[in-house]
Amino acid sequence: MKALVWHGKEDIRYDTVSDPEIEHPRDAIVKVTSCAICGSDLHLFHNFIPAMMPGDIMGHEMMGEVVEVGSGVNGHLKKGDRVVVPFTIICGECDQCKRGNFSVCQNSNRKKHLADKVFGHATAGLFGYTHLTGGYPGGQAEYLRVPFADATHIKVPDGIPDEKLLFLGDIFPTGWQAAVQCDIQPTDTVAIWGCGPVGQMAIRSAVLLGAQRVVAIDRVPERLEMAEAGGAITINFDEESVVERLNELTGGEGPEKCIDAVGLEAHVTPSLPDTVYDRAKQMVGMESDRPHVLREMIYVCRPAGVISIPGVYGGLVDKIPMGQLMNKGLTIRTGQTHVNRWTDDLLRRIEEGQIDPSFVITHTVSLEEGPEMYKVFRDKQDSCVKVVLKP
Ligand SMILES: [Zn+2]
Ligand SMILES: [Zn+2]
């Protein structure tokens, strides 16, 4: 089959690889009808997340049709079923899965020894996301092996186009969880850093969850326009001070809730000296991640507020103002998304027309064009916000 394969830093190729096969009774094979490039794939593209290996198949946002099931799937899934595949692989029966903490499933990471060493405790296996999370082949491919397929799936009805459903596997529940973690009250101002695909979903989620006001921060005009269309007040950080504008909007009190939809690759700009400092330290290996957004959120957040972090971080950050964080009594909530905790509710909201997540798609191309689209997406060329690939 054909797939997008990681070969090294900024080197993703459209390769011929062997077809996946049932390796375990609980496996299923899915023929991928649509997949997407996620913002967090760019961290792999840039080789900022450790433990990628040449030959790894990319992709963790995908959907398709079940074409084969193992003997242990036990009727939970059958040939012909239409499914969205969550990016988190879940066993459905460990203590964490039973509590709905799916992204920290205790059984699905087949490289547990490696992750135990690095993280203290292993987290769930993830598709197409480094050997720290199991080294499972991803879904930017014609076919995908789904381990623990009896639990790791979201069944979706026929008659709704792929584009409306695909993002149930990652960015929609990721933006949703980010907003839910803020415990939004009707009087809240929710500020969201980053208007990429997850930021866009977080904006709409915060609106659906009843925030009084949503403020979105980015520098790319197309992304800011999309944020505004979703109901946000926008701040272009190239043109004005984020802290000053947020304080102005909130009578000097700061936003009650802050969401970091940027993660470890915060934009580097000379007008923000700490971003230059982070870039320099990152280049010499003294810091793995660039946490400008975290510092800004801690500074501007209203005392007793909440900081929610769906953005991906990979390792160590420097100069986090612990004194501000502690004295202001801020709560930090974070985590990879517990996808299946949210998807029944979110599928219903799509079916009822409360939201159509396909608004975020700017490019739909063949899988073969994937390697080029990584660059277009990374450089935000051609007004690119979100890429869908058709195998
Ligand atoms: Zn993702
Ligand atoms: Zn589990």
# chains A, B, ... in the order shown; residues from 1 in each chain; ligands from 1
>>> residues_around(residues="region 258-272 of chain A", least_positions_apart="6", cutoff="7 Å", atoms="only C-alpha atoms", output="mmCIF file with all heavy atoms, in the first residue's frame")
data_model
loop_
_atom_site.group_PDB
_atom_site.id
_atom_site.type_symbol
_atom_site.label_atom_id
_atom_site.label_comp_id
_atom_site.auth_asym_id
_atom_site.auth_seq_id
_atom_site.Cartn_x
_atom_site.Cartn_y
_atom_site.Cartn_z
ATOM 1 N N ALA A 178 -10.304 20.963 25.978
ATOM 2 C CA ALA A 178 -9.605 22.168 26.447
ATOM 3 C C ALA A 178 -10.598 23.151 27.058
ATOM 4 O O ALA A 178 -10.336 23.780 28.084
ATOM 5 C CB ALA A 178 -8.865 22.828 25.294
ATOM 6 N N VAL A 190 -12.849 33.846 28.001
ATOM 7 C CA VAL A 190 -11.914 32.758 27.716
ATOM 8 C C VAL A 190 -10.956 33.236 26.634
ATOM 9 O O VAL A 190 -11.391 33.612 25.539
ATOM 10 C CB VAL A 190 -12.666 31.496 27.218
ATOM 11 C CG1 VAL A 190 -11.685 30.365 26.931
ATOM 12 C CG2 VAL A 190 -13.719 31.049 28.239
ATOM 13 N N ALA A 191 -9.665 33.261 26.959
ATOM 14 C CA ALA A 191 -8.659 33.682 25.969
ATOM 15 C C ALA A 191 -7.962 32.440 25.420
ATOM 16 O O ALA A 191 -7.577 31.554 26.180
ATOM 17 C CB ALA A 191 -7.644 34.621 26.618
ATOM 18 N N ILE A 192 -7.839 32.395 24.099
ATOM 19 C CA ILE A 192 -7.277 31.213 23.438
ATOM 20 C C ILE A 192 -6.076 31.624 22.593
ATOM 21 O O ILE A 192 -6.211 32.423 21.656
ATOM 22 C CB ILE A 192 -8.358 30.519 22.577
ATOM 23 C CG1 ILE A 192 -9.507 30.063 23.486
ATOM 24 C CG2 ILE A 192 -7.760 29.343 21.800
ATOM 25 C CD1 ILE A 192 -10.739 29.563 22.761
ATOM 26 N N TRP A 193 -4.897 31.101 22.977
ATOM 27 C CA TRP A 193 -3.667 31.381 22.228
ATOM 28 C C TRP A 193 -3.537 30.348 21.112
ATOM 29 O O TRP A 193 -3.524 29.142 21.371
ATOM 30 C CB TRP A 193 -2.459 31.270 23.150
ATOM 31 C CG TRP A 193 -2.158 32.466 23.968
ATOM 32 C CD1 TRP A 193 -1.120 33.336 23.782
ATOM 33 C CD2 TRP A 193 -2.867 32.946 25.132
ATOM 34 N NE1 TRP A 193 -1.156 34.332 24.742
ATOM 35 C CE2 TRP A 193 -2.199 34.111 25.579
ATOM 36 C CE3 TRP A 193 -4.003 32.521 25.838
ATOM 37 C CZ2 TRP A 193 -2.620 34.834 26.692
ATOM 38 C CZ3 TRP A 193 -4.425 33.230 26.939
ATOM 39 C CH2 TRP A 193 -3.742 34.375 27.355
ATOM 40 N N GLY A 194 -3.433 30.815 19.861
ATOM 41 C CA GLY A 194 -3.260 29.909 18.730
ATOM 42 C C GLY A 194 -4.583 29.652 18.034
ATOM 43 O O GLY A 194 -5.519 29.126 18.638
ATOM 44 N N VAL A 198 -6.826 23.247 16.251
ATOM 45 C CA VAL A 198 -7.297 22.985 17.617
ATOM 46 C C VAL A 198 -7.829 24.263 18.262
ATOM 47 O O VAL A 198 -8.878 24.256 18.919
ATOM 48 C CB VAL A 198 -6.189 22.338 18.485
ATOM 49 C CG1 VAL A 198 -6.575 22.347 19.956
ATOM 50 C CG2 VAL A 198 -5.920 20.909 18.011
ATOM 51 N N GLY A 199 -7.126 25.380 18.043
ATOM 52 C CA GLY A 199 -7.608 26.657 18.560
ATOM 53 C C GLY A 199 -8.990 26.983 18.015
ATOM 54 O O GLY A 199 -9.874 27.442 18.744
ATOM 55 N N ASP A 289 11.504 22.710 24.601
ATOM 56 C CA ASP A 289 10.258 23.335 24.180
ATOM 57 C C ASP A 289 10.325 24.853 24.374
ATOM 58 O O ASP A 289 11.054 25.334 25.225
ATOM 59 C CB ASP A 289 9.084 22.800 25.016
ATOM 60 C CG ASP A 289 8.932 21.284 24.937
ATOM 61 O OD1 ASP A 289 9.847 20.616 24.439
ATOM 62 O OD2 ASP A 289 7.896 20.783 25.406
ATOM 63 N N ARG A 290 9.506 25.575 23.594
ATOM 64 C CA ARG A 290 9.500 27.040 23.690
ATOM 65 C C ARG A 290 8.207 27.517 24.359
ATOM 66 O O ARG A 290 7.168 27.615 23.709
ATOM 67 C CB ARG A 290 9.626 27.651 22.288
ATOM 68 C CG ARG A 290 10.843 27.146 21.510
ATOM 69 C CD ARG A 290 11.184 28.063 20.345
ATOM 70 N NE ARG A 290 10.162 28.152 19.337
ATOM 71 C CZ ARG A 290 10.156 27.467 18.182
ATOM 72 N NH1 ARG A 290 11.120 26.596 17.928
ATOM 73 N NH2 ARG A 290 9.191 27.636 17.316
ATOM 74 N N PRO A 291 8.275 27.834 25.659
ATOM 75 C CA PRO A 291 7.031 28.033 26.426
ATOM 76 C C PRO A 291 6.557 29.474 26.571
ATOM 77 O O PRO A 291 5.979 29.832 27.597
ATOM 78 C CB PRO A 291 7.415 27.450 27.795
ATOM 79 C CG PRO A 291 8.859 27.822 27.938
ATOM 80 C CD PRO A 291 9.456 27.815 26.544
ATOM 81 N N HIS A 292 6.756 30.313 25.550
ATOM 82 C CA HIS A 292 6.345 31.716 25.665
ATOM 83 C C HIS A 292 4.868 31.854 26.054
ATOM 84 O O HIS A 292 4.503 32.681 26.895
ATOM 85 C CB HIS A 292 6.595 32.458 24.349
ATOM 86 C CG HIS A 292 5.924 33.794 24.297
ATOM 87 N ND1 HIS A 292 6.390 34.872 25.005
ATOM 88 C CD2 HIS A 292 4.779 34.206 23.685
ATOM 89 C CE1 HIS A 292 5.588 35.900 24.815
ATOM 90 N NE2 HIS A 292 4.603 35.523 24.022
ATOM 91 N N VAL A 293 4.022 31.028 25.442
ATOM 92 C CA VAL A 293 2.576 31.144 25.699
ATOM 93 C C VAL A 293 2.265 30.842 27.172
ATOM 94 O O VAL A 293 1.446 31.526 27.792
ATOM 95 C CB VAL A 293 1.787 30.212 24.745
ATOM 96 C CG1 VAL A 293 0.328 30.114 25.160
ATOM 97 C CG2 VAL A 293 1.896 30.722 23.309
ATOM 98 N N MET A 297 0.360 33.420 29.599
ATOM 99 C CA MET A 297 -0.926 33.057 30.218
ATOM 100 C C MET A 297 -0.863 33.223 31.731
ATOM 101 O O MET A 297 -1.789 33.747 32.348
ATOM 102 C CB MET A 297 -1.286 31.594 29.892
ATOM 103 C CG MET A 297 -1.664 31.364 28.449
ATOM 104 S SD MET A 297 -2.548 29.797 28.199
ATOM 105 C CE MET A 297 -1.414 28.648 28.876
ATOM 106 N N CYS A 301 -3.484 35.866 33.302
ATOM 107 C CA CYS A 301 -4.692 35.190 33.809
ATOM 108 C C CYS A 301 -5.168 35.834 35.113
ATOM 109 O O CYS A 301 -4.358 36.234 35.955
ATOM 110 C CB CYS A 301 -4.392 33.704 34.044
ATOM 111 S SG CYS A 301 -5.865 32.722 34.423
ATOM 112 N N VAL A 306 -8.119 29.582 35.529
ATOM 113 C CA VAL A 306 -7.716 28.256 35.050
ATOM 114 C C VAL A 306 -6.908 28.389 33.765
ATOM 115 O O VAL A 306 -7.273 29.158 32.868
ATOM 116 C CB VAL A 306 -8.945 27.357 34.781
ATOM 117 C CG1 VAL A 306 -8.515 25.994 34.225
ATOM 118 C CG2 VAL A 306 -9.773 27.170 36.043
ATOM 119 N N ILE A 307 -5.834 27.625 33.684
ATOM 120 C CA ILE A 307 -5.017 27.537 32.472
ATOM 121 C C ILE A 307 -5.154 26.122 31.923
ATOM 122 O O ILE A 307 -4.847 25.152 32.622
ATOM 123 C CB ILE A 307 -3.557 27.876 32.817
ATOM 124 C CG1 ILE A 307 -3.461 29.380 33.058
ATOM 125 C CG2 ILE A 307 -2.600 27.405 31.731
ATOM 126 C CD1 ILE A 307 -2.089 29.851 33.441
ATOM 127 N N SER A 308 -5.671 26.017 30.710
ATOM 128 C CA SER A 308 -5.915 24.705 30.100
ATOM 129 C C SER A 308 -4.941 24.537 28.931
ATOM 130 O O SER A 308 -4.811 25.426 28.092
ATOM 131 C CB SER A 308 -7.373 24.657 29.626
ATOM 132 O OG SER A 308 -7.619 23.497 28.864
ATOM 133 N N ILE A 309 -4.260 23.407 28.895
ATOM 134 C CA ILE A 309 -3.184 23.214 27.906
ATOM 135 C C ILE A 309 -3.434 21.982 27.036
ATOM 136 O O ILE A 309 -3.026 20.879 27.382
ATOM 137 C CB ILE A 309 -1.806 23.069 28.609
ATOM 138 C CG1 ILE A 309 -1.597 24.189 29.633
ATOM 139 C CG2 ILE A 309 -0.684 23.059 27.571
ATOM 140 C CD1 ILE A 309 -0.348 24.001 30.496
ATOM 141 N N PRO A 310 -4.121 22.173 25.881
ATOM 142 C CA PRO A 310 -4.209 21.076 24.919
ATOM 143 C C PRO A 310 -2.992 21.028 23.988
ATOM 144 O O PRO A 310 -2.728 20.002 23.372
ATOM 145 C CB PRO A 310 -5.471 21.417 24.118
ATOM 146 C CG PRO A 310 -5.532 22.914 24.156
ATOM 147 C CD PRO A 310 -4.961 23.328 25.494
ATOM 148 N N GLY A 311 -2.256 22.133 23.878
ATOM 149 C CA GLY A 311 -1.071 22.177 23.010
ATOM 150 C C GLY A 311 -0.051 21.143 23.468
ATOM 151 O O GLY A 311 0.103 20.903 24.663
ATOM 152 N N VAL A 312 0.639 20.559 22.503
ATOM 153 C CA VAL A 312 1.574 19.474 22.833
ATOM 154 C C VAL A 312 2.922 20.028 23.292
ATOM 155 O O VAL A 312 3.493 20.901 22.646
ATOM 156 C CB VAL A 312 1.780 18.558 21.604
ATOM 157 C CG1 VAL A 312 2.943 17.585 21.828
ATOM 158 C CG2 VAL A 312 0.505 17.791 21.301
ATOM 159 N N TYR A 313 3.393 19.515 24.418
ATOM 160 C CA TYR A 313 4.765 19.753 24.878
ATOM 161 C C TYR A 313 5.496 18.427 24.883
ATOM 162 O O TYR A 313 4.889 17.369 25.098
ATOM 163 C CB TYR A 313 4.768 20.404 26.263
ATOM 164 C CG TYR A 313 4.376 21.866 26.169
ATOM 165 C CD1 TYR A 313 3.037 22.246 26.172
ATOM 166 C CD2 TYR A 313 5.342 22.849 25.996
ATOM 167 C CE1 TYR A 313 2.668 23.579 26.009
ATOM 168 C CE2 TYR A 313 4.984 24.178 25.835
ATOM 169 C CZ TYR A 313 3.649 24.544 25.855
ATOM 170 O OH TYR A 313 3.304 25.853 25.687
#
>>> residues_around(residues="region 160-174 of chain A", least_positions_apart="5", cutoff="7 Å", atoms="only C-alpha atoms", output="short mmCIF file (atom, residue, chain, number, x, y, z; two decimals) with N, CA and C atoms, in the first residue's frame")
data_model
loop_
_atom_site.label_atom_id
_atom_site.label_comp_id
_atom_site.auth_asym_id
_atom_site.auth_seq_id
_atom_site.Cartn_x
_atom_site.Cartn_y
_atom_site.Cartn_z
N SER A 34 -10.45 8.99 4.48
CA SER A 34 -9.96 10.36 4.67
C SER A 34 -9.01 10.39 5.86
N GLU A 61 -5.17 11.18 12.53
CA GLU A 61 -6.56 11.62 12.33
C GLU A 61 -7.06 10.93 11.08
N MET A 62 -7.91 9.94 11.24
CA MET A 62 -8.29 9.16 10.06
C MET A 62 -9.64 8.49 10.28
N MET A 63 -10.28 8.15 9.17
CA MET A 63 -11.54 7.43 9.24
C MET A 63 -11.65 6.54 8.01
N VAL A 84 -14.67 6.37 12.65
CA VAL A 84 -13.58 7.32 12.86
C VAL A 84 -12.67 6.64 13.87
N VAL A 85 -11.36 6.74 13.67
CA VAL A 85 -10.42 6.10 14.59
C VAL A 85 -9.86 7.18 15.52
N PRO A 86 -10.05 7.04 16.85
CA PRO A 86 -9.48 8.02 17.77
C PRO A 86 -7.95 7.92 17.76
N PHE A 87 -7.26 9.03 17.99
CA PHE A 87 -5.78 8.94 17.94
C PHE A 87 -5.21 8.18 19.13
N PRO A 197 -5.97 24.68 13.84
CA PRO A 197 -7.18 23.85 13.88
C PRO A 197 -7.70 23.56 15.30
N VAL A 198 -6.83 23.25 16.25
CA VAL A 198 -7.30 22.98 17.62
C VAL A 198 -7.83 24.26 18.26
N MET A 201 -11.29 24.89 17.04
CA MET A 201 -12.28 24.02 17.69
C MET A 201 -12.52 24.48 19.14
N PRO A 310 -4.12 22.17 25.88
CA PRO A 310 -4.21 21.08 24.92
C PRO A 310 -2.99 21.03 23.99
N THR A 337 -5.88 14.14 24.74
CA THR A 337 -7.35 14.10 24.79
C THR A 337 -7.89 12.70 25.09
N VAL A 339 -10.28 11.02 24.00
CA VAL A 339 -11.19 11.19 22.86
C VAL A 339 -12.56 10.55 23.07
N TRP A 342 -15.68 11.98 24.98
CA TRP A 342 -16.49 13.11 24.48
C TRP A 342 -17.28 12.80 23.21
N THR A 343 -16.92 11.72 22.50
CA THR A 343 -17.38 11.62 21.10
C THR A 343 -18.87 11.30 20.93
N ASP A 356 -20.52 22.23 12.60
CA ASP A 356 -20.02 21.46 11.46
C ASP A 356 -18.50 21.68 11.41
N PRO A 357 -17.73 20.72 11.95
CA PRO A 357 -16.28 20.93 12.08
C PRO A 357 -15.55 21.08 10.74
N SER A 358 -16.22 20.81 9.63
CA SER A 358 -15.53 20.91 8.33
C SER A 358 -15.19 22.35 7.96
#
>>> residues_around(residues="Gln354 (chain A)", least_positions_apart="2", cutoff="12 Å", atoms="only C-alpha atoms", output="PyMOL selection string")
chain A and resi 164+204-205+207-209+345-352+356-357
>>> write_last_selection(atoms="N, CA and C atoms", output="CSV table (one decimal), in the first residue's frame")
chain,number,residue,atom,x,y,z
A,164,LYS,N,-17.3,16.1,7.8
A,164,LYS,CA,-18.0,16.6,9.0
A,164,LYS,C,-17.6,15.7,10.2
A,204,ARG,N,-14.9,27.5,19.1
A,204,ARG,CA,-16.4,27.1,19.0
A,204,ARG,C,-16.9,26.4,20.2
A,205,SER,N,-16.0,25.6,20.8
A,205,SER,CA,-16.4,24.8,22.0
A,205,SER,C,-16.7,25.8,23.1
A,207,VAL,N,-17.7,28.8,22.9
A,207,VAL,CA,-18.9,29.5,22.6
A,207,VAL,C,-20.1,28.6,22.9
A,208,LEU,N,-20.0,27.3,22.5
A,208,LEU,CA,-21.1,26.4,22.8
A,208,LEU,C,-21.3,26.1,24.3
A,209,LEU,N,-20.2,26.2,25.0
A,209,LEU,CA,-20.3,26.0,26.5
A,209,LEU,C,-20.7,27.2,27.2
A,345,ASP,N,-21.3,12.6,22.6
A,345,ASP,CA,-21.9,13.9,22.8
A,345,ASP,C,-21.6,14.8,21.5
A,346,LEU,N,-20.4,14.7,21.1
A,346,LEU,CA,-20.0,15.6,19.9
A,346,LEU,C,-20.6,15.1,18.6
A,347,LEU,N,-20.7,13.8,18.5
A,347,LEU,CA,-21.4,13.2,17.3
A,347,LEU,C,-22.8,13.7,17.2
A,348,ARG,N,-23.5,13.7,18.4
A,348,ARG,CA,-24.9,14.1,18.5
A,348,ARG,C,-25.0,15.6,18.1
A,349,ARG,N,-24.0,16.4,18.6
A,349,ARG,CA,-24.0,17.9,18.2
A,349,ARG,C,-23.8,18.1,16.7
A,350,ILE,N,-23.0,17.2,16.1
A,350,ILE,CA,-22.8,17.3,14.6
A,350,ILE,C,-24.1,17.0,13.9
A,351,GLU,N,-24.7,15.8,14.4
A,351,GLU,CA,-26.0,15.4,13.7
A,351,GLU,C,-27.1,16.4,13.9
A,352,GLU,N,-27.1,17.1,15.1
A,352,GLU,CA,-28.2,18.1,15.3
A,352,GLU,C,-27.9,19.4,14.6
A,356,ASP,N,-20.5,22.2,12.6
A,356,ASP,CA,-20.0,21.5,11.5
A,356,ASP,C,-18.5,21.7,11.4
A,357,PRO,N,-17.7,20.7,11.9
A,357,PRO,CA,-16.3,20.9,12.1
A,357,PRO,C,-15.5,21.1,10.7
>>> residues_near_ligand(ligand="ligand 2", cutoff="10 Å", atoms="only C-alpha atoms and all ligand atoms", output="count of residues only")
27
>>> atom_distance(atom1="CA of Val388 (chain A)", atom2="CA of Trp176 (chain A)")
20.3 Å
>>> closest_residue(among="A:Gln181, A:Asn47, A:Ser40, A:Thr133", to="ligand 1", atoms="only C-alpha atoms and all ligand atoms")
A:Ser40
>>> closest_residue(among="A:Cys38, A:Leu114, A:Val5, A:Val69", to="ligand 1", atoms="only C-alpha atoms and all ligand atoms")
A:Cys38
>>> select_by_dssp(residues="region 138-293 of chain A", states="alpha helix (DSSP H)", output="ChimeraX atom specification")
/A:162-165,171-180,197-208,221-229,242-249,273-283,292-293
>>> closest_residue(among="A:Gln282, A:Thr88, A:Ser288, A:Gln185", to="ligand 1", atoms="only C-alpha atoms and all ligand atoms")
A:Thr88
